[in-house]
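Data from coords_27.txt: compact mmCIF, C-alpha atoms
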```txt
# COMPACT_ATOMS: atom_id res chain seq x y z
CA MET A 1 88.59 45.20 97.30
CA GLY A 2 91.43 47.55 96.35
CA ARG A 3 89.52 50.44 97.84
CA ARG A 4 89.05 48.50 101.08
CA VAL A 5 92.80 47.85 101.33
CA VAL A 6 93.54 51.55 100.72
CA LEU A 7 91.05 52.59 103.40
CA GLY A 8 92.31 49.87 105.72
CA THR A 9 95.88 51.11 105.38
CA LEU A 10 94.73 54.67 106.08
CA GLY A 11 92.81 53.41 109.11
CA LEU A 12 95.87 51.58 110.41
CA GLY A 13 97.90 54.77 109.96
CA ALA A 14 95.38 56.74 112.00
CA LEU A 15 95.31 54.00 114.64
CA GLY A 16 99.11 54.13 114.75
CA LEU A 17 98.95 57.87 115.46
CA VAL A 18 96.59 57.29 118.37
CA ALA A 19 98.52 54.34 119.78
CA ALA A 20 101.97 55.86 119.14
CA PRO A 21 102.77 57.24 122.62
CA GLY A 22 102.19 53.86 124.28
CA LEU A 23 103.79 51.83 121.49
CA GLN A 24 106.83 54.10 121.45
CA ARG A 25 107.47 53.70 125.19
CA GLY A 26 107.14 49.92 124.90
CA LEU A 27 109.43 49.72 121.88
CA GLU A 28 112.04 52.00 123.41
CA SER A 29 112.40 49.80 126.46
CA PHE A 30 112.26 46.58 124.42
CA LEU A 31 114.78 47.74 121.81
CA GLY A 32 116.96 49.28 124.52
CA GLU A 33 117.29 45.86 126.13
CA ALA A 34 117.71 44.10 122.78
CA ALA A 35 120.48 46.55 121.80
CA ASP A 36 122.46 45.55 124.89
CA LYS A 37 122.55 41.95 123.66
CA ASP A 38 122.92 42.71 119.95
CA PRO A 39 126.52 42.38 118.73
CA THR A 40 125.68 43.55 115.18
CA GLY A 41 124.43 46.99 116.27
CA LEU A 42 121.55 46.69 113.78
CA THR A 43 118.94 47.49 116.44
CA GLY A 44 120.46 50.96 116.61
CA LEU A 45 119.23 51.56 113.06
CA LEU A 46 115.59 50.82 113.92
CA PRO A 47 113.34 53.72 114.86
CA ASN A 48 113.36 54.18 118.66
CA GLY A 49 116.46 51.95 118.75
CA GLY A 50 118.22 54.35 121.09
CA GLY A 51 121.55 56.13 120.85
CA PHE A 52 122.63 59.33 119.15
CA ARG A 53 121.86 60.35 115.58
CA TYR A 54 124.34 62.27 113.46
CA TYR A 55 123.11 65.61 112.07
CA SER A 56 125.24 68.08 110.15
CA VAL A 57 124.03 71.07 108.17
CA THR A 58 127.09 71.25 105.92
CA SER A 59 128.59 68.82 103.43
CA SER A 60 131.80 68.27 105.33
CA VAL A 61 133.28 69.54 108.57
CA PRO A 62 137.00 70.20 108.98
CA ARG A 63 138.79 68.24 111.72
CA LYS A 64 140.50 70.17 114.50
CA ASP A 65 142.95 68.93 117.11
CA GLU A 66 145.26 70.26 119.85
CA SER A 67 147.36 72.24 117.40
CA THR A 68 144.61 73.71 115.20
CA TYR A 69 141.66 74.24 117.56
CA ARG A 70 140.90 77.71 118.95
CA LEU A 71 137.91 79.01 120.90
CA THR A 72 137.56 82.79 120.69
CA ILE A 73 135.55 84.96 123.06
CA ASP A 74 134.78 88.48 121.89
CA GLY A 75 132.03 91.08 121.49
CA LEU A 76 130.91 93.10 124.49
CA VAL A 77 133.69 91.93 126.82
CA ASP A 78 136.58 93.74 128.51
CA ARG A 79 139.16 91.01 127.79
CA PRO A 80 138.63 89.16 124.48
CA ALA A 81 140.41 85.82 124.53
CA SER A 82 141.42 82.86 122.40
CA TYR A 83 141.78 79.48 124.07
CA THR A 84 143.65 76.41 122.88
CA LEU A 85 142.41 72.97 123.79
CA ASP A 86 145.08 72.62 126.49
CA GLU A 87 144.16 76.00 127.99
CA LEU A 88 140.53 74.92 128.20
CA ARG A 89 141.55 71.63 129.84
CA ALA A 90 143.60 73.56 132.40
CA LEU A 91 140.50 75.41 133.65
CA PRO A 92 138.36 73.86 136.42
CA GLN A 93 136.23 71.07 134.94
CA THR A 94 132.63 70.24 135.79
CA ARG A 95 130.96 66.85 135.22
CA MET A 96 127.20 66.53 134.70
CA VAL A 97 125.07 63.46 134.01
CA ARG A 98 121.73 64.27 132.40
CA ASP A 99 119.45 62.92 129.67
CA VAL A 100 120.00 64.23 126.15
CA GLN A 101 116.72 65.05 124.39
CA CYS A 102 116.56 65.79 120.66
CA VAL A 103 113.67 67.82 119.30
CA THR A 104 113.01 65.06 116.75
CA GLY A 105 112.14 62.68 119.57
CA TRP A 106 115.16 60.54 120.42
CA ARG A 107 116.51 60.62 123.95
CA VAL A 108 119.74 59.22 125.36
CA PRO A 109 119.50 58.71 129.12
CA HIS A 110 122.22 59.41 131.69
CA THR A 111 124.87 60.90 129.43
CA PRO A 112 127.92 62.31 131.22
CA PHE A 113 129.36 65.57 129.91
CA GLU A 114 132.52 67.22 131.18
CA GLY A 115 133.94 70.66 130.51
CA VAL A 116 134.20 74.28 131.57
CA ARG A 117 131.13 76.14 132.80
CA LEU A 118 130.25 78.85 130.29
CA SER A 119 129.72 81.30 133.17
CA ARG A 120 133.38 80.88 134.14
CA LEU A 121 134.59 81.77 130.64
CA LEU A 122 132.25 84.77 130.61
CA ASP A 123 133.54 85.95 134.00
CA LEU A 124 137.14 85.59 132.83
CA ALA A 125 136.33 87.72 129.77
CA GLY A 126 134.51 90.39 131.80
CA VAL A 127 131.04 90.86 130.31
CA ARG A 128 130.05 94.53 129.92
CA SER A 129 126.84 95.89 131.42
CA SER A 130 125.34 96.59 127.99
CA ALA A 131 125.41 92.87 127.11
CA GLY A 132 122.25 90.79 127.02
CA ALA A 133 122.92 87.69 124.92
CA ILE A 134 125.52 85.30 123.50
CA ARG A 135 126.00 84.19 119.93
CA PHE A 136 127.81 80.93 119.23
CA THR A 137 129.55 80.13 115.96
CA CYS A 138 131.00 76.85 114.75
CA PHE A 139 133.93 75.78 112.63
CA ASP A 140 131.66 73.81 110.29
CA GLY A 141 131.21 77.29 108.82
CA ALA A 142 127.41 77.39 108.97
CA TYR A 143 125.88 76.50 112.32
CA THR A 144 125.06 79.21 114.83
CA GLU A 145 123.26 79.26 118.15
CA SER A 146 122.25 81.78 120.76
CA LEU A 147 121.36 82.11 124.42
CA THR A 148 120.29 85.02 126.59
CA LEU A 149 122.93 86.08 129.10
CA ASP A 150 120.82 84.70 131.97
CA GLN A 151 120.52 81.31 130.26
CA ALA A 152 124.24 81.29 129.49
CA ARG A 153 125.12 81.88 133.13
CA ARG A 154 123.21 78.81 134.36
CA ALA A 155 125.27 76.18 136.14
CA ASP A 156 124.07 73.47 133.72
CA VAL A 157 125.44 75.20 130.61
CA MET A 158 129.01 74.30 129.69
CA VAL A 159 131.65 74.25 127.01
CA ALA A 160 132.04 70.48 126.83
CA LEU A 161 135.34 68.70 126.14
CA ARG A 162 134.30 65.18 127.07
CA MET A 163 131.17 63.06 126.64
CA GLN A 164 130.45 59.59 128.01
CA ASP A 165 133.84 59.83 129.79
CA LYS A 166 135.77 60.05 126.51
CA ASP A 167 137.20 63.03 124.66
CA LEU A 168 134.50 64.41 122.37
CA SER A 169 134.88 62.70 119.00
CA HIS A 170 134.55 64.59 115.74
CA ASN A 171 131.14 63.08 114.95
CA HIS A 172 129.80 64.21 118.31
CA GLY A 173 130.97 67.78 117.65
CA GLY A 174 134.51 67.46 119.01
CA PRO A 175 136.93 68.55 120.11
CA VAL A 176 134.66 71.15 121.76
CA ARG A 177 130.92 71.59 121.73
CA LEU A 178 128.39 73.60 123.66
CA TYR A 179 126.21 71.66 126.12
CA VAL A 180 122.97 73.29 127.24
CA ALA A 181 121.51 70.60 129.51
CA PRO A 182 117.99 71.99 130.06
CA MET A 183 117.28 72.61 126.37
CA TYR A 184 116.69 70.56 123.23
CA PHE A 185 119.95 69.27 121.82
CA TYR A 186 120.05 71.60 118.79
CA LYS A 187 120.99 74.35 121.28
CA SER A 188 124.14 72.35 122.12
CA ALA A 189 126.08 73.52 119.07
CA LYS A 190 128.69 71.07 117.80
CA TRP A 191 132.19 72.09 116.65
CA LEU A 192 132.06 75.27 118.77
CA SER A 193 134.65 77.87 117.76
CA GLY A 194 133.31 81.30 118.72
CA ILE A 195 131.50 82.91 121.65
CA THR A 196 130.41 86.48 120.95
CA VAL A 197 128.71 88.57 123.62
CA THR A 198 125.97 90.68 122.04
CA GLN A 199 123.20 93.05 123.07
CA LYS A 200 120.25 91.01 121.81
CA VAL A 201 119.54 87.40 120.89
CA LYS A 202 119.99 86.66 117.21
CA PRO A 203 118.18 83.40 116.25
CA GLY A 204 120.50 80.51 115.34
CA TYR A 205 120.58 78.20 112.30
CA TRP A 206 117.57 75.97 113.01
CA GLU A 207 115.73 78.83 114.70
CA GLU A 208 115.79 80.75 111.42
CA ARG A 209 114.12 77.61 110.05
CA GLY A 210 111.28 77.46 112.54
CA TYR A 211 112.61 76.04 115.82
CA ASP A 212 111.99 77.86 119.09
CA VAL A 213 114.76 80.18 120.33
CA ASP A 214 114.01 79.40 123.99
CA ALA A 215 114.24 75.65 123.66
CA TRP A 216 113.43 74.34 127.16
CA VAL A 217 112.89 70.59 127.08
CA GLY A 218 109.19 69.88 127.56
CA LYS A 219 108.15 73.52 127.29
CA SER A 220 108.93 74.47 123.69
CA ASN A 221 108.65 73.34 120.07
CA GLY A 222 105.21 71.95 120.92
CA ARG A 223 106.66 68.99 122.81
CA ASP A 224 105.97 67.64 126.26
CA ASP A 225 109.07 65.55 127.06
CA GLU A 226 110.26 65.05 130.62
CA PRO A 227 112.58 67.96 131.52
CA THR A 228 116.29 67.06 131.31
CA SER A 229 117.66 69.47 133.90
CA MET B 230 98.99 20.48 61.68
CA ASN B 231 100.47 20.47 65.12
CA PRO B 232 100.19 24.02 66.52
CA ARG B 233 103.35 23.51 68.57
CA VAL B 234 105.38 23.43 65.37
CA ASP B 235 103.98 26.84 64.40
CA ALA B 236 104.66 28.44 67.73
CA PRO B 237 108.15 29.88 67.08
CA ALA B 238 107.07 31.50 63.84
CA VAL B 239 104.08 33.11 65.51
CA GLU B 240 106.21 34.37 68.38
CA SER B 241 108.58 36.19 66.09
CA ALA B 242 105.76 37.89 64.19
CA PRO B 243 104.84 41.43 65.33
CA SER B 244 101.31 40.29 66.13
CA ALA B 245 102.80 38.08 68.85
CA ARG B 246 103.19 41.14 71.04
CA VAL B 247 100.25 42.03 73.21
CA ARG B 248 99.58 45.64 74.17
CA ARG B 249 99.64 45.98 77.98
CA PHE B 250 100.27 49.62 78.95
CA SER B 251 99.60 52.92 77.17
CA ARG B 252 102.23 55.66 76.92
CA ALA B 253 100.47 57.67 79.64
CA GLU B 254 100.51 54.72 82.04
CA ARG B 255 104.19 54.09 81.46
CA TRP B 256 105.01 57.71 82.22
CA VAL B 257 102.89 57.65 85.37
CA HIS B 258 104.91 54.64 86.54
CA ARG B 259 108.25 56.17 85.55
CA ILE B 260 107.70 59.51 87.29
CA THR B 261 106.21 57.87 90.37
CA ALA B 262 109.19 55.50 90.55
CA ALA B 263 111.65 58.40 90.18
CA LEU B 264 109.96 60.46 92.93
CA MET B 265 109.74 57.42 95.20
CA GLY B 266 113.42 56.75 94.53
CA VAL B 267 114.35 60.30 95.55
CA CYS B 268 112.22 59.93 98.70
CA VAL B 269 113.94 56.69 99.66
CA VAL B 270 117.49 57.91 98.94
CA THR B 271 117.03 61.21 100.82
CA ALA B 272 115.34 59.37 103.69
CA ALA B 273 118.33 57.05 103.92
CA CYS B 274 120.68 60.06 104.00
CA LEU B 275 118.68 61.59 106.85
CA TYR B 276 118.30 58.42 108.81
CA ILE B 277 121.27 56.05 108.46
CA PRO B 278 124.17 57.53 110.48
CA GLN B 279 126.92 56.45 108.06
CA LEU B 280 125.11 58.08 105.10
CA ALA B 281 124.25 61.17 107.16
CA GLU B 282 127.94 61.60 108.00
CA LEU B 283 128.89 61.14 104.35
CA VAL B 284 126.31 63.52 102.89
CA GLY B 285 125.64 66.13 105.61
CA ARG B 286 123.81 69.18 104.11
CA ARG B 287 120.83 68.42 106.30
CA ALA B 288 118.65 71.41 105.38
CA LEU B 289 119.02 70.69 101.65
CA VAL B 290 118.34 66.96 101.98
CA VAL B 291 115.24 67.70 104.10
CA THR B 292 113.92 70.11 101.45
CA VAL B 293 114.44 67.61 98.62
CA HIS B 294 112.77 64.88 100.69
CA GLU B 295 109.78 67.08 101.54
CA TRP B 296 109.16 68.17 97.97
CA SER B 297 109.62 64.77 96.35
CA GLY B 298 107.18 63.38 98.91
CA LEU B 299 104.67 66.15 98.32
CA LEU B 300 104.83 65.61 94.53
CA LEU B 301 104.61 61.80 94.79
CA PRO B 302 100.81 61.50 94.33
CA LEU B 303 100.73 63.94 91.38
CA PRO B 304 101.61 61.50 88.53
CA VAL B 305 98.75 59.19 89.56
CA LEU B 306 96.33 62.15 89.83
CA ALA B 307 97.43 63.35 86.38
CA GLY B 308 97.03 59.79 85.09
CA LEU B 309 93.33 59.95 85.89
CA ALA B 310 92.98 62.01 82.71
CA SER B 311 93.90 58.88 80.72
CA ARG B 312 91.13 56.43 79.85
CA ALA B 313 93.54 53.45 79.83
CA PHE B 314 94.82 54.39 83.29
CA ARG B 315 91.29 54.68 84.68
CA ALA B 316 90.42 51.30 83.16
CA ASP B 317 93.45 49.70 84.85
CA MET B 318 92.48 51.31 88.17
CA THR B 319 89.14 49.50 87.78
CA HIS B 320 90.95 46.23 87.03
CA LEU B 321 93.12 46.68 90.12
CA ASN B 322 90.11 47.44 92.30
CA ARG B 323 88.12 44.38 91.21
CA TRP B 324 88.68 41.18 93.22
CA GLY B 325 87.40 37.90 91.78
CA PRO B 326 87.34 34.29 93.05
CA HIS B 327 90.47 33.55 90.97
CA ASP B 328 92.38 36.15 92.99
CA GLY B 329 91.72 34.19 96.15
CA VAL B 330 93.05 31.06 94.42
CA TRP B 331 96.14 32.97 93.22
CA LEU B 332 96.85 34.29 96.70
CA ARG B 333 96.44 30.90 98.40
CA LYS B 334 98.73 29.24 95.86
CA ALA B 335 101.30 32.01 96.21
CA LEU B 336 101.25 31.96 100.02
CA ARG B 337 101.57 28.16 100.16
CA ARG B 338 104.16 28.23 97.36
CA VAL B 339 102.16 25.74 95.29
CA PRO B 340 104.08 25.23 92.02
CA GLY B 341 102.37 25.63 88.65
CA ALA B 342 100.14 28.17 87.00
CA ARG B 343 98.08 30.58 89.10
CA PRO B 344 94.93 32.15 87.69
CA ALA B 345 95.12 35.89 87.11
CA ALA B 346 93.42 38.49 84.92
CA LYS B 347 95.28 41.60 83.72
CA PHE B 348 96.69 42.01 87.25
CA ASN B 349 97.29 39.18 89.67
CA ALA B 350 96.18 39.25 93.29
CA GLY B 351 99.63 40.23 94.51
CA GLN B 352 99.77 43.22 92.19
CA LYS B 353 96.30 44.27 93.30
CA LEU B 354 97.23 44.10 96.97
CA TYR B 355 100.50 45.92 96.38
CA ALA B 356 98.84 48.72 94.39
CA ALA B 357 96.19 49.28 97.05
CA TRP B 358 98.58 49.04 100.00
CA ILE B 359 101.23 51.37 98.54
CA THR B 360 98.48 53.91 97.74
CA GLY B 361 97.28 53.88 101.35
CA ALA B 362 100.82 53.86 102.73
CA THR B 363 101.84 56.82 100.53
CA LEU B 364 98.86 58.81 101.78
CA VAL B 365 99.71 57.99 105.41
CA MET B 366 103.33 59.06 104.77
CA LEU B 367 102.07 62.26 103.16
CA GLY B 368 99.78 63.03 106.09
CA THR B 369 102.33 62.30 108.82
CA GLY B 370 105.04 64.04 106.77
CA LEU B 371 102.95 67.21 106.53
CA MET B 372 102.41 67.12 110.31
CA MET B 373 106.18 67.03 110.82
CA TRP B 374 106.80 69.68 108.15
CA PHE B 375 104.23 72.27 109.28
CA THR B 376 104.81 71.78 112.96
CA HIS B 377 102.63 74.61 114.15
CA LEU B 378 99.51 73.51 112.29
CA THR B 379 98.70 70.37 114.30
CA PRO B 380 98.15 69.77 118.01
CA LEU B 381 101.33 69.15 119.94
CA VAL B 382 101.01 65.49 120.84
CA TRP B 383 100.34 64.53 117.22
CA ARG B 384 103.81 65.42 116.09
CA THR B 385 105.77 62.84 118.03
CA SER B 386 103.14 60.29 117.04
CA ALA B 387 103.45 61.35 113.41
CA THR B 388 107.23 60.87 113.58
CA PHE B 389 106.72 57.43 115.10
CA VAL B 390 104.29 56.31 112.37
CA HIS B 391 106.41 57.93 109.61
CA ASP B 392 109.59 56.14 110.78
CA TRP B 393 108.11 52.67 111.12
CA LEU B 394 106.00 52.87 107.98
CA ALA B 395 109.09 54.08 106.08
CA LEU B 396 110.90 50.94 107.15
CA THR B 397 107.94 48.78 106.06
CA ILE B 398 107.68 50.56 102.70
CA GLY B 399 111.40 50.04 102.18
CA ILE B 400 111.00 46.29 102.63
CA VAL B 401 107.87 46.02 100.47
CA LEU B 402 109.44 48.21 97.78
CA ALA B 403 112.51 45.97 97.74
CA GLY B 404 110.15 43.04 97.13
CA HIS B 405 108.41 44.93 94.31
CA ILE B 406 111.72 45.75 92.62
CA GLY B 407 113.11 42.28 93.26
CA MET B 408 110.14 40.69 91.52
CA ALA B 409 110.51 43.02 88.56
CA LEU B 410 114.19 42.11 88.33
CA GLY B 411 113.20 38.45 88.21
CA ASP B 412 110.77 38.95 85.32
CA PRO B 413 112.32 40.67 82.26
CA GLU B 414 109.14 40.38 80.22
CA ALA B 415 107.13 42.22 82.88
CA ARG B 416 109.75 44.98 82.80
CA LYS B 417 109.56 45.08 79.02
CA GLY B 418 105.82 45.60 79.41
CA LEU B 419 106.39 48.79 81.38
CA ARG B 420 109.28 49.92 79.16
CA THR B 421 107.78 49.34 75.72
CA GLY B 422 104.08 48.95 76.50
CA SER B 423 103.73 45.42 75.13
CA VAL B 424 104.50 41.87 76.24
CA SER B 425 104.80 38.56 74.42
CA ARG B 426 101.60 36.60 73.90
CA GLU B 427 103.24 33.59 75.48
CA TRP B 428 104.06 35.53 78.69
CA ALA B 429 100.55 37.02 78.82
CA GLU B 430 98.93 33.59 78.53
CA ARG B 431 101.24 32.06 81.12
CA GLU B 432 101.18 34.83 83.75
CA HIS B 433 97.73 36.31 83.09
CA PRO B 434 95.64 33.53 81.53
CA LEU B 435 92.30 35.21 82.30
CA TRP B 436 93.35 38.64 81.00
CA ARG B 437 92.34 38.42 77.37
CA SER B 438 89.71 35.67 77.52
```

Would you write the structure of this file as structure tokens?
Amino acid sequence: MGRRVVLGTLGLGALGLVAAPGLQRGLESFLGEAADKDPTGLTGLLPNGGGFRYYSVTSSVPRKDESTYRLTIDGLVDRPASYTLDELRALPQTRMVRDVQCVTGWRVPHTPFEGVRLSRLLDLAGVRSSAGAIRFTCFDGAYTESLTLDQARRADVMVALRMQDKDLSHNHGGPVRLYVAPMYFYKSAKWLSGITVTQKVKPGYWEERGYDVDAWVGKSNGRDDEPTS
Amino acid sequence: MNPRVDAPAVESAPSARVRRFSRAERWVHRITAALMGVCVVTAACLYIPQLAELVGRRALVVTVHEWSGLLLPLPVLAGLASRAFRADMTHLNRWGPHDGVWLRKALRRVPGARPAAKFNAGQKLYAAWITGATLVMLGTGLMMWFTHLTPLVWRTSATFVHDWLALTIGIVLAGHIGMALGDPEARKGLRTGSVSREWAEREHPLWRS
């Protein structure tokens, strides 16, 4: 009897694996609707309940505001720069509405981001001909990311100041984060504080730990999600 | 003489304690419980946003979670070296007609004594289910850990099964712990290895007959 229950549980687990893609789609739409009518917010805690999840690789992240935040641009550029929050806000802003796709599976549809195109900041700094990649650093003191120069110049890559039509909150990586729309969300480094133009790509934090460096949604990390951009 | 009058004296005598678990079995339970506890706490820190914000250190928490999960079956495997543990595995695996009676009475909340041998039907079901569930968690966990070893589609599915089963295990585990909290003598059995004769005859009347 006990053995049958053990085997039965294992069988159900295997069945769950097979049925997961269909079940997951059904649950996501069901829980998505339920979450709209749920005042307690408990549905958000269920798997596939929708919404963002908070991930940080350090124990605590300092808070930065108008007076303390700086974004530096250096490396292989003619004019290294340091921007305050107000200086970034004074540059032309772009608004984009795309899906956010995390490599762990969750997806948040139609999320507006607003900020300065990375290509504009690079043009202002004057990228030298020897450059080939960008390295991003963060004021959490640990996280890093990277892009090739071609990826960084795409129109759907920005230094984001606003998300969901609100100033970026601290928990979402505010006041300034990177937003790489066509790639998995770990590329969109939170708490962005440094942009360094380099010769070659140096893998970022999670990439040192096994994630793909070229993280196109649906074409990397062994996943087949709908592209986001 | 009326045996009822003798009862208190007998209960206070050392012979009134009945041996239930060997030292090896108690350690298997303790280490399994500790590893399961670490799994649950780290899982909560990875999953519940408020705890994730409080704790951070994602890479470290993931590593602790992975290793505690990987080690979780080891105490039971090591326990197989103990004769008493193997004997109890046999008890847990054997299902008699009285177990059906126990389960029906429990499900319908019929008051009064329910027939059980060394383990009651609920304990047998729990033991078997948590064994299977742990193995499913181990399998799906390994698929998520060594992402390049399994075919692509499996990984999202593994995450799906791992997440929902984790939630189920959390609920069942809370029931397991809640029942232990409600029964001090059962806890004493796992702490000291022996239980009172009176408890054994009330909760497990078919055990020693």

Given only C-alpha atoms as the basis, pick out the residue of A:Leu88, A:Val57, A:Leu12, A:Leu76 nearest to chain B.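 Checking each candidate against chain B, we get A:Val57 as the closest.
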
What are the residues of chain B that have an atom within 9 Å of an atom of chain A, counting all atoms listed in the file, as a PyMOL selection string? chain B and resi 275-279+281-289+321-324+353-354+356-362+364-366+369+376-377+380-390+392-394+396

Can those selected residues be exported to a file as a PDB file, keeping the file's coordinate frame so that it contains C-alpha atoms?
```pdb
ATOM      1  CA  LEU B 275     118.680  61.590 106.850  1.00  0.00           C
ATOM      2  CA  TYR B 276     118.300  58.420 108.810  1.00  0.00           C
ATOM      3  CA  ILE B 277     121.270  56.050 108.460  1.00  0.00           C
ATOM      4  CA  PRO B 278     124.170  57.530 110.480  1.00  0.00           C
ATOM      5  CA  GLN B 279     126.920  56.450 108.060  1.00  0.00           C
ATOM      6  CA  ALA B 281     124.250  61.170 107.160  1.00  0.00           C
ATOM      7  CA  GLU B 282     127.940  61.600 108.000  1.00  0.00           C
ATOM      8  CA  LEU B 283     128.890  61.140 104.350  1.00  0.00           C
ATOM      9  CA  VAL B 284     126.310  63.520 102.890  1.00  0.00           C
ATOM     10  CA  GLY B 285     125.640  66.130 105.610  1.00  0.00           C
ATOM     11  CA  ARG B 286     123.810  69.180 104.110  1.00  0.00           C
ATOM     12  CA  ARG B 287     120.830  68.420 106.300  1.00  0.00           C
ATOM     13  CA  ALA B 288     118.650  71.410 105.380  1.00  0.00           C
ATOM     14  CA  LEU B 289     119.020  70.690 101.650  1.00  0.00           C
ATOM     15  CA  LEU B 321      93.120  46.680  90.120  1.00  0.00           C
ATOM     16  CA  ASN B 322      90.110  47.440  92.300  1.00  0.00           C
ATOM     17  CA  ARG B 323      88.120  44.380  91.210  1.00  0.00           C
ATOM     18  CA  TRP B 324      88.680  41.180  93.220  1.00  0.00           C
ATOM     19  CA  LYS B 353      96.300  44.270  93.300  1.00  0.00           C
ATOM     20  CA  LEU B 354      97.230  44.100  96.970  1.00  0.00           C
ATOM     21  CA  ALA B 356      98.840  48.720  94.390  1.00  0.00           C
ATOM     22  CA  ALA B 357      96.190  49.280  97.050  1.00  0.00           C
ATOM     23  CA  TRP B 358      98.580  49.040 100.000  1.00  0.00           C
ATOM     24  CA  ILE B 359     101.230  51.370  98.540  1.00  0.00           C
ATOM     25  CA  THR B 360      98.480  53.910  97.740  1.00  0.00           C
ATOM     26  CA  GLY B 361      97.280  53.880 101.350  1.00  0.00           C
ATOM     27  CA  ALA B 362     100.820  53.860 102.730  1.00  0.00           C
ATOM     28  CA  LEU B 364      98.860  58.810 101.780  1.00  0.00           C
ATOM     29  CA  VAL B 365      99.710  57.990 105.410  1.00  0.00           C
ATOM     30  CA  MET B 366     103.330  59.060 104.770  1.00  0.00           C
ATOM     31  CA  THR B 369     102.330  62.300 108.820  1.00  0.00           C
ATOM     32  CA  THR B 376     104.810  71.780 112.960  1.00  0.00           C
ATOM     33  CA  HIS B 377     102.630  74.610 114.150  1.00  0.00           C
ATOM     34  CA  PRO B 380      98.150  69.770 118.010  1.00  0.00           C
ATOM     35  CA  LEU B 381     101.330  69.150 119.940  1.00  0.00           C
ATOM     36  CA  VAL B 382     101.010  65.490 120.840  1.00  0.00           C
ATOM     37  CA  TRP B 383     100.340  64.530 117.220  1.00  0.00           C
ATOM     38  CA  ARG B 384     103.810  65.420 116.090  1.00  0.00           C
ATOM     39  CA  THR B 385     105.770  62.840 118.030  1.00  0.00           C
ATOM     40  CA  SER B 386     103.140  60.290 117.040  1.00  0.00           C
ATOM     41  CA  ALA B 387     103.450  61.350 113.410  1.00  0.00           C
ATOM     42  CA  THR B 388     107.230  60.870 113.580  1.00  0.00           C
ATOM     43  CA  PHE B 389     106.720  57.430 115.100  1.00  0.00           C
ATOM     44  CA  VAL B 390     104.290  56.310 112.370  1.00  0.00           C
ATOM     45  CA  ASP B 392     109.590  56.140 110.780  1.00  0.00           C
ATOM     46  CA  TRP B 393     108.110  52.670 111.120  1.00  0.00           C
ATOM     47  CA  LEU B 394     106.000  52.870 107.980  1.00  0.00           C
ATOM     48  CA  LEU B 396     110.900  50.940 107.150  1.00  0.00           C
TER      49      LEU B 396
END
```

Selected residue of minimal separation from Ala155 in chain A among A:Ser188, A:Ser229, A:Ser169, A:Thr137, counting all atoms listed in the file: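 The answer is A:Ser229, which sits nearest to Ala155 in chain A.
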
Which is closer to Ala346 in chain B than all the others in B:Leu419, B:Leu435, B:Val247, B:Leu301, using only C-alpha atoms?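 Among the listed residues, the smallest separation from Ala346 in chain B belongs to B:Leu435.
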
Among listed residues B:His320, B:Arg333, B:His258, B:His327, nearest Gly308 in chain B (using only C-alpha atoms): B:His258

Using all atoms listed in the file for the distances, tell me which of A:Arg162, A:His170, A:Lys190, A:Lys202 is nearest to Asp65 in chain A.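 Comparing A:Arg162, A:His170, A:Lys190, A:Lys202 against Asp65 in chain A, the winner is A:His170.
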
Which one is closest to Leu91 in chain A: A:Arg107, A:Ala160, A:Gly126, A:Thr144? Count all atoms listed in the file.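 Comparing A:Arg107, A:Ala160, A:Gly126, A:Thr144 against Leu91 in chain A, the winner is A:Ala160.
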
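The spacing separating CA of Val77 in chain A from CA of Ile195 in chain A amounts to 10.6 Å.
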
Compile the contact shell of Arg249 in chain B as number ranges by chain: residues with an atom at most 8 Å away, counting all atoms listed in the file, same-chain residues fewer than 4 positions apart removed. B: 418, 422-424

May I have the selected residues written with C-alpha atoms, as a short mmCIF file (atom, residue, chain, number, x, y, z; two decimals), in the frame of the given file?
```
data_model
loop_
_atom_site.label_atom_id
_atom_site.label_comp_id
_atom_site.auth_asym_id
_atom_site.auth_seq_id
_atom_site.Cartn_x
_atom_site.Cartn_y
_atom_site.Cartn_z
CA GLY B 418 105.82 45.60 79.41
CA GLY B 422 104.08 48.95 76.50
CA SER B 423 103.73 45.42 75.13
CA VAL B 424 104.50 41.87 76.24
#
```

State, in Å with one decimal place, the distance from CA of Asp167 in chain A to CA of Asp123 in chain A. 25.0 Å

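Of note, CA of Ile134 in chain A and CA of Asp165 in chain A are spaced 27.5 Å apart.
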
Write out as a compact mmCIF listing (two decimals) with C-alpha atoms, keeping the file's coordinate frame which residues come within 10 Å of Arg252 in chain B when counting all atoms listed in the file, dropping same-chain ones fewer than 4 positions away.
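Here's the written file out.txt:
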```
# COMPACT_ATOMS: atom_id res chain seq x y z
CA TRP B 256 105.01 57.71 82.22
CA VAL B 257 102.89 57.65 85.37
CA SER B 311 93.90 58.88 80.72
CA ALA B 313 93.54 53.45 79.83
CA PHE B 314 94.82 54.39 83.29
CA LEU B 419 106.39 48.79 81.38
CA ARG B 420 109.28 49.92 79.16
CA THR B 421 107.78 49.34 75.72
CA GLY B 422 104.08 48.95 76.50
```

Quick one: everything within 12 Å of Pro304 in chain B, counting only C-alpha atoms, minus sequence neighbours fewer than 3 positions away in the same chain. Send it as a ChimeraX atom specification. /B:253-265,297-301,307-311,314
